[in-house]
Amino acid sequence: MAMTAAETGGPTPARLHRARSVLALLAALGMGGLTALTAWRIGGYAMAQGIAPVLVALAALPLLAACVFVARLGVLAVLFSRAGKKAAEIHEAREFGARASLRAWNALAWSSALAILLGLAWLLALNDAAVSRTFFDLGLIRRSAGAILSAFTVNIAIFVLSFGLILVWALVVAIARTLPGEAGRPLRVMATAYCDLFRGLPAVITLYLIGFGLPLTNLPVLSSLSSTAYAVIALTLTYGAYTSEVYRAGIESVHHSLVSAARSLGFSHAMTLRHVVIPLALRTIAPPLMNDCISLQKDTALVSVIGTIDAFNQSKIIAANDFNLSAVTTVAILFVALTIPQARLVDRLTRDMAGRRAAGGA
Amino acid sequence: MALLEIDRITKRYGALEVLSGLSLQVDEHEVVCLIGPSGCGKSSLLRCINRLEDTDSGEIRVHGERITGKGVDLDRLRREIGIVFQAYNLFPHMTVLRNATLAPMALLGQRRDEAEARAMTLLKRVGLAHKAAEHPDRLSGGQQQRVAIVRALMMNPKLLLLDEITSALDPELVAEVLDIVRTLAADGMTMILATHEMGFAREVSDRVCFLWQGQVHEEGTPDAIFGDPQKEKTRAFLRDLVKAGRL
Ligand SMILES: Nc1ncnc2c1ncn2[C@@H]1O[C@H](COP(=O)(O)OP(=O)(O)OP(=O)(O)O)[C@@H](O)[C@H]1O
Ligand SMILES: [Mg+2]
């Protein structure tokens, strides 16, 4: 029955996306209703709990405004679709159809986002706002913030020390793993074994073994370090293995013809690494290195298993005393706030590099 | 005594024997061209001479001193034998000037001002003094290749190996690079060139070697090889070139 444009000889008829537009309009209207209901019920509950009406209005108004916006998109979609039907000319009809489709998709996307927000609001408010009280007790957050912040400096110190050590140690391991020739084999094998071991060991177990094991050995110096120092050692060993892989990938990404060029001038393997391979490798590994850096910052929270009073451990103590996790929420927020800018930076570095490659540069 | 003596060397890549007992001598101030079909082992031979590749048997001597086998200071050897590659292989993270001065400063202990003065002299000679501060990716292929030649010359090599240095270049850029090789030949630089530029080989070289089946199949003056080749394979190779319009 359906004839293709080629068979009828005429142009393909315009698609008007009628169903999509109607669906979008219905979704938008439905969301509007749900949002109003939510604002009324939860807003009412919040005011009954003594939260200022101004604050409630501040939370509800953007949501309601979003509903109006979505509804408008839905209406426009349907109107464009109908206008397309009436259009006298096929190109005009296609233009209207495309507009209707765009508005419809927009409305649907915004409706989904609204649905998620409403779901979260209900999760926080249900059961007499049990979730909000447990995780977001503003009073407790305010009272405990000082202790948490000062404990967070321990995380920062562990991170800074380990990261510095990791950058150097991982490079040493990577160079050992890429040593050439027969003479390089013993070191190559050792380095590979180290990487396999510490990439396989969960960081928390390494930490546990070192933090509780070394003090039992009665070794000079090593058995009497602070728990922060054990944390730094354990994290350096674990992340050294990961980061050496990053370096190695970078070293191996340098084209062998450049190595040939350096060797042909008379540079030794070590000088070739220093002047050519490592400087070139460092440019490509910046993003994965940043990723390791972010993940290391988060893993400083693991040190609580060996009793270091870091922010997480401090917050657990407060949580146990108050039967409330809001202090832990503070720690969570601190970590997220610390890492988000870095994640954005990684995105940008990656984009810049993709751009440079596309432009044909090295 | 010849500057370079290659004595029945063999080179294998796995099961493939690329050089099979090849011998060749090159005198000081001589310019030798290697010609032959693609894959006949020209690059392999050059890479064996500066030991970027190891030979499997036979011996290579420079000024009578063995440079193949064990106990050879490769880094020292390579300082004396320069090579220029088809793909330039300039260091992309350094300026043109730094590409040229890196090796003499790091390996010969030249001071920066000394190395830079010499680099600028050479860059001026190849017409690129104004590009000294640029990075290689801002240069045309011909310009990059001229810088690569300068980089090799900075080490004052006794012998310069040129491996098809114009085959990656657009036709209009070939002349500027060949001009420099011509000047070097006139200055008495000892060179071995692997090349597909037969016209140039004929003009610049003292001797032409046709490589076939891992050996020097026929050698002679350019006039002899191009004008009156004796062996059937040499004739066939040159005939194919004429057919392809490259001679
Ligand atoms: N690293 C390698 N591993 C294995 N085989 C190789 C290697 N390098 C070269 N070959 C092979 O050895 C043979 C000779 O190669 P070579 O590059 O020396 O030839 P060529 O004469 O320089 O050729 P062209 O004129 O195309 O540059 C070819 O068959 C090539 O495939
Ligand atoms: Mg070749």
# chains A, B, ... in the order shown; residues from 1 in each chain; ligands from 1
$ closest_atom_pairs --of "chain B" --to "ligand 1" --cutoff "7 Å" --atoms "only C-alpha atoms and all ligand atoms" --output "CSV"
residue,atom,partner,partner_atom_place_in_ligand_line,distance
B:Tyr13,CA,ligand 1,4 (C),4.8
B:Val18,CA,ligand 1,13 (C),5.4
B:Gly36,CA,ligand 1,21 (O),6.6
B:Pro37,CA,ligand 1,25 (O),6.0
B:Ser38,CA,ligand 1,25 (O),3.5
B:Gly39,CA,ligand 1,19 (O),3.4
B:Cys40,CA,ligand 1,21 (O),4.0
B:Gly41,CA,ligand 1,18 (O),3.2
B:Lys42,CA,ligand 1,21 (O),3.7
B:Ser43,CA,ligand 1,22 (O),3.6
B:Ser44,CA,ligand 1,18 (O),3.6
B:Leu45,CA,ligand 1,18 (O),6.4
$ write_last_selection --atoms "all heavy atoms" --output "compact mmCIF listing (two decimals), in the first residue's frame"
# COMPACT_ATOMS: atom_id res chain seq x y z
N TYR B 13 65.21 -11.10 9.18
CA TYR B 13 64.06 -10.81 10.06
C TYR B 13 63.28 -12.10 10.15
O TYR B 13 62.56 -12.44 9.21
CB TYR B 13 63.17 -9.72 9.47
CG TYR B 13 63.82 -8.36 9.39
CD1 TYR B 13 64.15 -7.81 8.16
CD2 TYR B 13 64.07 -7.63 10.54
CE1 TYR B 13 64.73 -6.56 8.07
CE2 TYR B 13 64.64 -6.37 10.45
CZ TYR B 13 64.98 -5.84 9.22
OH TYR B 13 65.55 -4.61 9.14
N VAL B 18 67.11 -10.75 4.40
CA VAL B 18 67.06 -9.52 3.62
C VAL B 18 68.41 -9.21 2.98
O VAL B 18 68.48 -8.79 1.84
CB VAL B 18 66.61 -8.34 4.52
CG1 VAL B 18 66.52 -7.08 3.71
CG2 VAL B 18 65.27 -8.66 5.14
N GLY B 36 67.35 -0.01 -6.23
CA GLY B 36 66.80 -1.36 -6.26
C GLY B 36 65.32 -1.32 -5.95
O GLY B 36 64.83 -0.32 -5.41
N PRO B 37 64.62 -2.39 -6.26
CA PRO B 37 63.18 -2.40 -6.06
C PRO B 37 62.81 -2.26 -4.59
O PRO B 37 63.62 -2.56 -3.71
CB PRO B 37 62.74 -3.75 -6.61
CG PRO B 37 63.97 -4.58 -6.68
CD PRO B 37 65.11 -3.65 -6.86
N SER B 38 61.60 -1.83 -4.34
CA SER B 38 61.12 -1.68 -2.98
C SER B 38 61.22 -3.02 -2.24
O SER B 38 60.88 -4.06 -2.79
CB SER B 38 59.67 -1.21 -3.01
OG SER B 38 59.22 -1.01 -1.71
N GLY B 39 61.75 -2.99 -1.01
CA GLY B 39 61.87 -4.22 -0.23
C GLY B 39 63.15 -4.98 -0.48
O GLY B 39 63.35 -6.06 0.07
N CYS B 40 64.08 -4.42 -1.27
CA CYS B 40 65.31 -5.17 -1.57
C CYS B 40 66.34 -5.02 -0.45
O CYS B 40 67.38 -5.67 -0.48
CB CYS B 40 65.90 -4.71 -2.89
SG CYS B 40 66.57 -3.05 -2.82
N GLY B 41 66.07 -4.17 0.54
CA GLY B 41 66.96 -4.12 1.70
C GLY B 41 67.82 -2.87 1.81
O GLY B 41 68.78 -2.84 2.57
N LYS B 42 67.47 -1.82 1.09
CA LYS B 42 68.28 -0.60 1.15
C LYS B 42 68.25 0.00 2.56
O LYS B 42 69.30 0.29 3.15
CB LYS B 42 67.74 0.45 0.15
CG LYS B 42 67.72 -0.03 -1.30
CD LYS B 42 67.20 1.03 -2.24
CE LYS B 42 65.72 1.36 -2.07
NZ LYS B 42 64.81 0.30 -2.52
N SER B 43 67.03 0.15 3.11
CA SER B 43 66.94 0.72 4.46
C SER B 43 67.60 -0.19 5.46
O SER B 43 68.31 0.27 6.37
CB SER B 43 65.47 0.91 4.85
OG SER B 43 64.83 1.74 3.94
N SER B 44 67.40 -1.49 5.32
CA SER B 44 68.00 -2.43 6.27
C SER B 44 69.51 -2.28 6.26
O SER B 44 70.15 -2.26 7.33
CB SER B 44 67.62 -3.86 5.91
OG SER B 44 66.23 -3.99 5.87
N LEU B 45 70.09 -2.15 5.09
CA LEU B 45 71.54 -2.01 5.00
C LEU B 45 72.00 -0.75 5.74
O LEU B 45 72.94 -0.79 6.55
CB LEU B 45 71.97 -1.95 3.52
CG LEU B 45 73.44 -1.68 3.26
CD1 LEU B 45 74.31 -2.73 3.95
CD2 LEU B 45 73.73 -1.65 1.77
$ interface_residues --of "chain A" --to "chain B" --cutoff "6 Å" --atoms "only C-alpha atoms" --output "ChimeraX atom specification"
/A:258,264-266
$ write_last_selection --atoms "N, CA, C and O atoms" --output "tab-separated table (two decimals), in the first residue's frame"
chain	number	residue	atom	x	y	z
A	258	LEU	N	60.96	8.08	16.63
A	258	LEU	CA	61.62	9.16	17.37
A	258	LEU	C	62.72	8.59	18.25
A	258	LEU	O	63.76	9.22	18.47
A	264	SER	N	70.12	7.25	16.94
A	264	SER	CA	71.04	7.40	15.81
A	264	SER	C	71.96	8.60	16.00
A	264	SER	O	73.01	8.69	15.38
A	265	LEU	N	71.57	9.53	16.85
A	265	LEU	CA	72.46	10.67	17.13
A	265	LEU	C	73.50	10.29	18.17
A	265	LEU	O	74.46	11.04	18.41
A	266	GLY	N	73.32	9.15	18.83
A	266	GLY	CA	74.28	8.71	19.82
A	266	GLY	C	73.77	8.78	21.25
A	266	GLY	O	74.53	8.59	22.19
$ closest_residue --among "B:Cys33, B:Met105, B:Ile60, B:Val242" --to "Leu161 of chain B" --atoms "only C-alpha atoms"
B:Cys33
$ closest_residue --among "B:Leu211, B:Ala129, B:Met1, B:Ala119" --to "Thr101 of chain B" --atoms "only C-alpha atoms"
B:Ala119
$ closest_residue --among "B:Leu97, B:Met198, B:Leu22, B:Ile165" --to "ligand 2" --atoms "only C-alpha atoms and all ligand atoms"
B:Ile165
$ residues_around --residues "segment 186-191 of chain B" --least-positions-apart "2" --cutoff "7 Å" --atoms "only C-alpha atoms" --output "tab-separated table (two decimals) with C-alpha atoms, in the first residue's frame"
chain	number	residue	atom	x	y	z
B	28	GLU	CA	86.33	8.88	2.08
B	29	HIS	CA	84.60	11.72	0.18
B	30	GLU	CA	82.74	9.20	-1.93
B	31	VAL	CA	79.01	9.44	-2.65
B	32	VAL	CA	77.38	6.05	-3.15
B	158	LYS	CA	82.34	11.08	9.15
B	159	LEU	CA	79.66	9.37	7.17
B	160	LEU	CA	76.11	10.42	6.39
B	161	LEU	CA	73.39	7.91	5.55
B	182	ARG	CA	74.45	18.40	-3.80
B	183	THR	CA	76.24	21.05	-1.73
B	184	LEU	CA	77.28	18.45	0.82
B	193	LEU	CA	72.01	7.40	-0.26
$ closest_residue --among "B:Ala132, B:Gly127, B:Ala168, B:Gly109" --to "ligand 2" --atoms "only C-alpha atoms and all ligand atoms"
B:Ala168
$ closest_residue --among "B:Ile35, B:Arg125, B:Phe210, B:Asp113" --to "ligand 2" --atoms "only C-alpha atoms and all ligand atoms"
B:Ile35
$ atom_distance --atom1 "atom CA of Leu241 of chain B" --atom2 "atom CA of Ala201 of chain B"
13.6 Å
$ select_by_dssp --residues "segment 206-239 of chain B" --states "alpha helix (DSSP H)" --output "NGL selection string"
:B and (222 or 232-239)
$ residues_around --residues "Leu325 of chain A" --least-positions-apart "4" --cutoff "8 Å" --atoms "only C-alpha atoms" --output "count of residues only"
7
$ residues_around --residues "Leu16 of chain A" --least-positions-apart "6" --cutoff "8 Å" --atoms "only C-alpha atoms" --output "ChimeraX atom specification"
/A:81-82,84-85,93-94,96-98,100-101
$ atom_distance --atom1 "atom CA of Leu238 of chain B" --atom2 "atom CA of Val216 of chain B"
15.4 Å
$ closest_residue --among "B:Gln86, B:Ser140, B:Ser57, B:Gln110" --to "ligand 2" --atoms "only C-alpha atoms and all ligand atoms"
B:Gln86
$ residues_around --residues "segment 204-217 of chain A" --least-positions-apart "5" --cutoff "8 Å" --atoms "only C-alpha atoms" --output "list in words"
Leu222, Ser223, Ser224, Leu225, Ser227, Tyr230, Ala231, Ile233, Ala234, Leu235, Thr238, Leu302, Val303, Val305 and Ile306 of chain A
$ residues_around --residues "Thr243 of chain A" --least-positions-apart "5" --cutoff "8 Å" --atoms "only C-alpha atoms" --output "PDB file with N, CA, C and O atoms, in the first residue's frame"
ATOM      1  N   ILE A 166      54.064   8.934  44.711  1.00  0.00           N
ATOM      2  CA  ILE A 166      53.577   8.076  43.616  1.00  0.00           C
ATOM      3  C   ILE A 166      54.143   8.539  42.281  1.00  0.00           C
ATOM      4  O   ILE A 166      54.595   7.729  41.470  1.00  0.00           O
ATOM      5  N   LEU A 167      54.136   9.860  42.054  1.00  0.00           N
ATOM      6  CA  LEU A 167      54.599  10.376  40.763  1.00  0.00           C
ATOM      7  C   LEU A 167      56.031   9.922  40.477  1.00  0.00           C
ATOM      8  O   LEU A 167      56.365   9.564  39.351  1.00  0.00           O
ATOM      9  N   ALA A 170      56.208   5.658  40.612  1.00  0.00           N
ATOM     10  CA  ALA A 170      55.588   5.017  39.453  1.00  0.00           C
ATOM     11  C   ALA A 170      56.463   5.189  38.214  1.00  0.00           C
ATOM     12  O   ALA A 170      56.553   4.287  37.377  1.00  0.00           O
ATOM     13  N   LEU A 289      46.481  10.549  34.386  1.00  0.00           N
ATOM     14  CA  LEU A 289      47.171  10.835  35.639  1.00  0.00           C
ATOM     15  C   LEU A 289      46.249  11.591  36.598  1.00  0.00           C
ATOM     16  O   LEU A 289      46.209  11.329  37.796  1.00  0.00           O
ATOM     17  N   ASP A 292      43.811   9.217  38.206  1.00  0.00           N
ATOM     18  CA  ASP A 292      44.411   8.529  39.342  1.00  0.00           C
ATOM     19  C   ASP A 292      44.464   9.446  40.549  1.00  0.00           C
ATOM     20  O   ASP A 292      44.242   9.025  41.678  1.00  0.00           O
TER      21      ASP A 292
END
